[in-house]
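S.K.: Could you have a look at this structure, given as structure tokens, before my questions?
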Amino acid sequence: MWNEPAQRISRKALTLWRIYGAIQVGITILVSIGLIVAILLWNWPSWLLAIAAGVVLLELLFSVWLLPELNWKRWRYEVTDQDIELQHGILIVKRTLVPMVRVQHVDTEQGPLLRKYKISTISISTAATVHKIPALDEREAEELRQSISSLARVAEEDV
């Protein structure tokens, strides 16, 4: 097949993505509670309860346990002097190659949950798009941001 990029994102991404999944499941539970109220108030068929419970269980299984693990295993990146290679996706694996000469600027992002777990996301901007490397340890993200910035300047000077 092909050589995968060598670098992985932080293992803390699993915890973060599981929290996001739990929030999503919590919203589904709230909708299910509304369905239960509707069933009780308007005498709707009780088999809707089984469907709601099944949806909650499936979403819990996928969003909190399975998808974060698969996402983390698939997410890889590599930065060389010439380009930045990204790979992610579960069923459809997306591989992106960003030439260093196309990089315009590099940002780090950190929301409240990312800050709590001391991880950052790097955004790499080109003229057409923004590419992100999620869930890197803070120090690694800052070093990578500086490195990409320096390599982009050198690549620009060589052109």
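Every chain in the structure tokens takes a letter, A first, then B, and so on in the order presented; its residues are numbered from 1, and the ligands are numbered from 1 following the presented order.
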List the spatial neighbours of region 107-113 of chain A as a list in words - criterion: any atom at most 7 Å away, only C-alpha atoms, same-chain residues fewer than 3 positions off excluded.
M.R.: Lys116, Tyr117, Ser120, Thr121, Ile122, Ser123, Ile124 and Arg145 of chain A
S.K.: Using DSSP secondary structure from the backbone, list all strand (DSSP E) positions within region 43-115 of chain A, as a ChimeraX atom specification.
M.R.: /A:76-79,83-88,94-99,105-109
S.K.: Restricted to C-alpha atoms, what would the selected residues look like written as an mmCIF file, in the first residue's frame?
M.R.:
```
data_model
loop_
_atom_site.group_PDB
_atom_site.id
_atom_site.type_symbol
_atom_site.label_atom_id
_atom_site.label_comp_id
_atom_site.auth_asym_id
_atom_site.auth_seq_id
_atom_site.Cartn_x
_atom_site.Cartn_y
_atom_site.Cartn_z
ATOM 1 C CA ARG A 76 -1.520 10.791 11.636
ATOM 2 C CA TYR A 77 0.629 13.623 10.363
ATOM 3 C CA GLU A 78 4.169 14.313 9.236
ATOM 4 C CA VAL A 79 6.023 17.554 8.599
ATOM 5 C CA ASP A 83 5.339 19.514 2.787
ATOM 6 C CA ILE A 84 2.874 18.614 5.520
ATOM 7 C CA GLU A 85 1.094 15.283 5.190
ATOM 8 C CA LEU A 86 -2.189 14.618 7.021
ATOM 9 C CA GLN A 87 -4.164 11.378 7.226
ATOM 10 C CA HIS A 88 -7.517 10.878 8.942
ATOM 11 C CA LYS A 94 -8.408 11.173 3.596
ATOM 12 C CA ARG A 95 -4.753 11.938 2.900
ATOM 13 C CA THR A 96 -3.756 15.534 2.324
ATOM 14 C CA LEU A 97 -0.399 16.859 1.198
ATOM 15 C CA VAL A 98 0.134 20.577 1.820
ATOM 16 C CA PRO A 99 3.208 21.985 0.041
ATOM 17 C CA HIS A 105 0.255 31.219 8.430
ATOM 18 C CA VAL A 106 -0.020 28.772 11.302
ATOM 19 C CA ASP A 107 -2.201 29.184 14.415
ATOM 20 C CA THR A 108 -2.748 27.214 17.598
ATOM 21 C CA GLU A 109 -6.250 26.958 19.054
#
```
S.K.: Expressed in Å to a single decimal, how great is the separation between CA of Ser147 (chain A) and CA of Met100 (chain A)?
M.R.: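 Pair CA of Ser147 (chain A) / CA of Met100 (chain A) returns 11.1 Å.
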S.K.: A:Val25, A:Ile148, A:Leu48, A:Ala155: which is nearest Trp65 (chain A), counting only C-alpha atoms?
M.R.: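 The answer is A:Val25, which sits nearest to Trp65 (chain A).
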S.K.: Report, in Å with one decimal, the straight-line distance from CA of Ser46 (chain A) to CA of Ile33 (chain A).
M.R.: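 Separating CA of Ser46 (chain A) from CA of Ile33 (chain A) is a distance of 13.3 Å.
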S.K.: What is the distance between CA of Trp17 (chain A) and CA of Pro134 (chain A), in Å to one decimal?
M.R.: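 Between these atoms lies a distance of 10.7 Å.
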S.K.: Out of A:Ser32, A:Thr80, A:Gln104, A:Thr15, which residue has the shortest atom-to-atom distance to Pro68 (chain A) when counting only C-alpha atoms?
M.R.: A:Thr15
S.K.: I need the helix (DSSP H, G or I) residues of region 41-106 of chain A per DSSP on the backbone, written as number ranges by chain.
M.R.: A: 41-42, 47-74, 100-102
S.K.: Can those selected residues be exported to a file as a CSV table (one decimal), in the first residue's frame so that it contains C-alpha atoms?
M.R.:
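Below is the file that was written, selection_28.csv:
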```
chain,number,residue,atom,x,y,z
A,41,LEU,CA,-49.3,12.5,27.8
A,42,TRP,CA,-50.7,11.6,24.4
A,47,TRP,CA,-42.7,0.6,21.3
A,48,LEU,CA,-41.3,4.1,20.7
A,49,LEU,CA,-39.6,3.7,24.2
A,50,ALA,CA,-37.7,0.7,22.9
A,51,ILE,CA,-36.6,2.6,19.8
A,52,ALA,CA,-35.5,5.6,21.9
A,53,ALA,CA,-33.5,3.3,24.3
A,54,GLY,CA,-31.9,1.5,21.4
A,55,VAL,CA,-30.8,4.8,19.8
A,56,VAL,CA,-29.3,6.0,23.1
A,57,LEU,CA,-27.4,2.7,23.6
A,58,LEU,CA,-26.1,2.7,20.0
A,59,GLU,CA,-25.1,6.3,20.2
A,60,LEU,CA,-23.3,5.7,23.5
A,61,LEU,CA,-21.5,2.7,22.0
A,62,PHE,CA,-20.4,4.5,18.9
A,63,SER,CA,-19.9,8.1,20.1
A,64,VAL,CA,-18.2,7.4,23.4
A,65,TRP,CA,-16.3,4.1,22.9
A,66,LEU,CA,-15.8,3.1,19.2
A,67,LEU,CA,-15.4,6.2,17.1
A,68,PRO,CA,-12.9,8.0,19.3
A,69,GLU,CA,-10.7,5.0,19.4
A,70,LEU,CA,-10.9,4.5,15.6
A,71,ASN,CA,-10.3,8.2,14.9
A,72,TRP,CA,-7.3,8.3,17.2
A,73,LYS,CA,-5.8,5.2,15.5
A,74,ARG,CA,-6.2,6.7,12.0
A,100,MET,CA,5.3,24.1,2.4
A,101,VAL,CA,5.4,26.9,-0.2
A,102,ARG,CA,1.6,27.3,0.1
```
S.K.: Using only C-alpha atoms for the distances, tell me which of A:Ile133, A:Val103, A:Ala128, A:Ile90 is nearest to Ala152 (chain A).
M.R.: A:Val103
S.K.: Which residues, written as a list in words, have at least one atom at most 8 Å from Asp137 (chain A), with only C-alpha atoms counted and residues fewer than 3 positions away on the same chain left out?
M.R.: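 Counting only the stated atoms, we get Ser10, Lys118, Ile119, Ser120, Glu140 and Ala141 of chain A.
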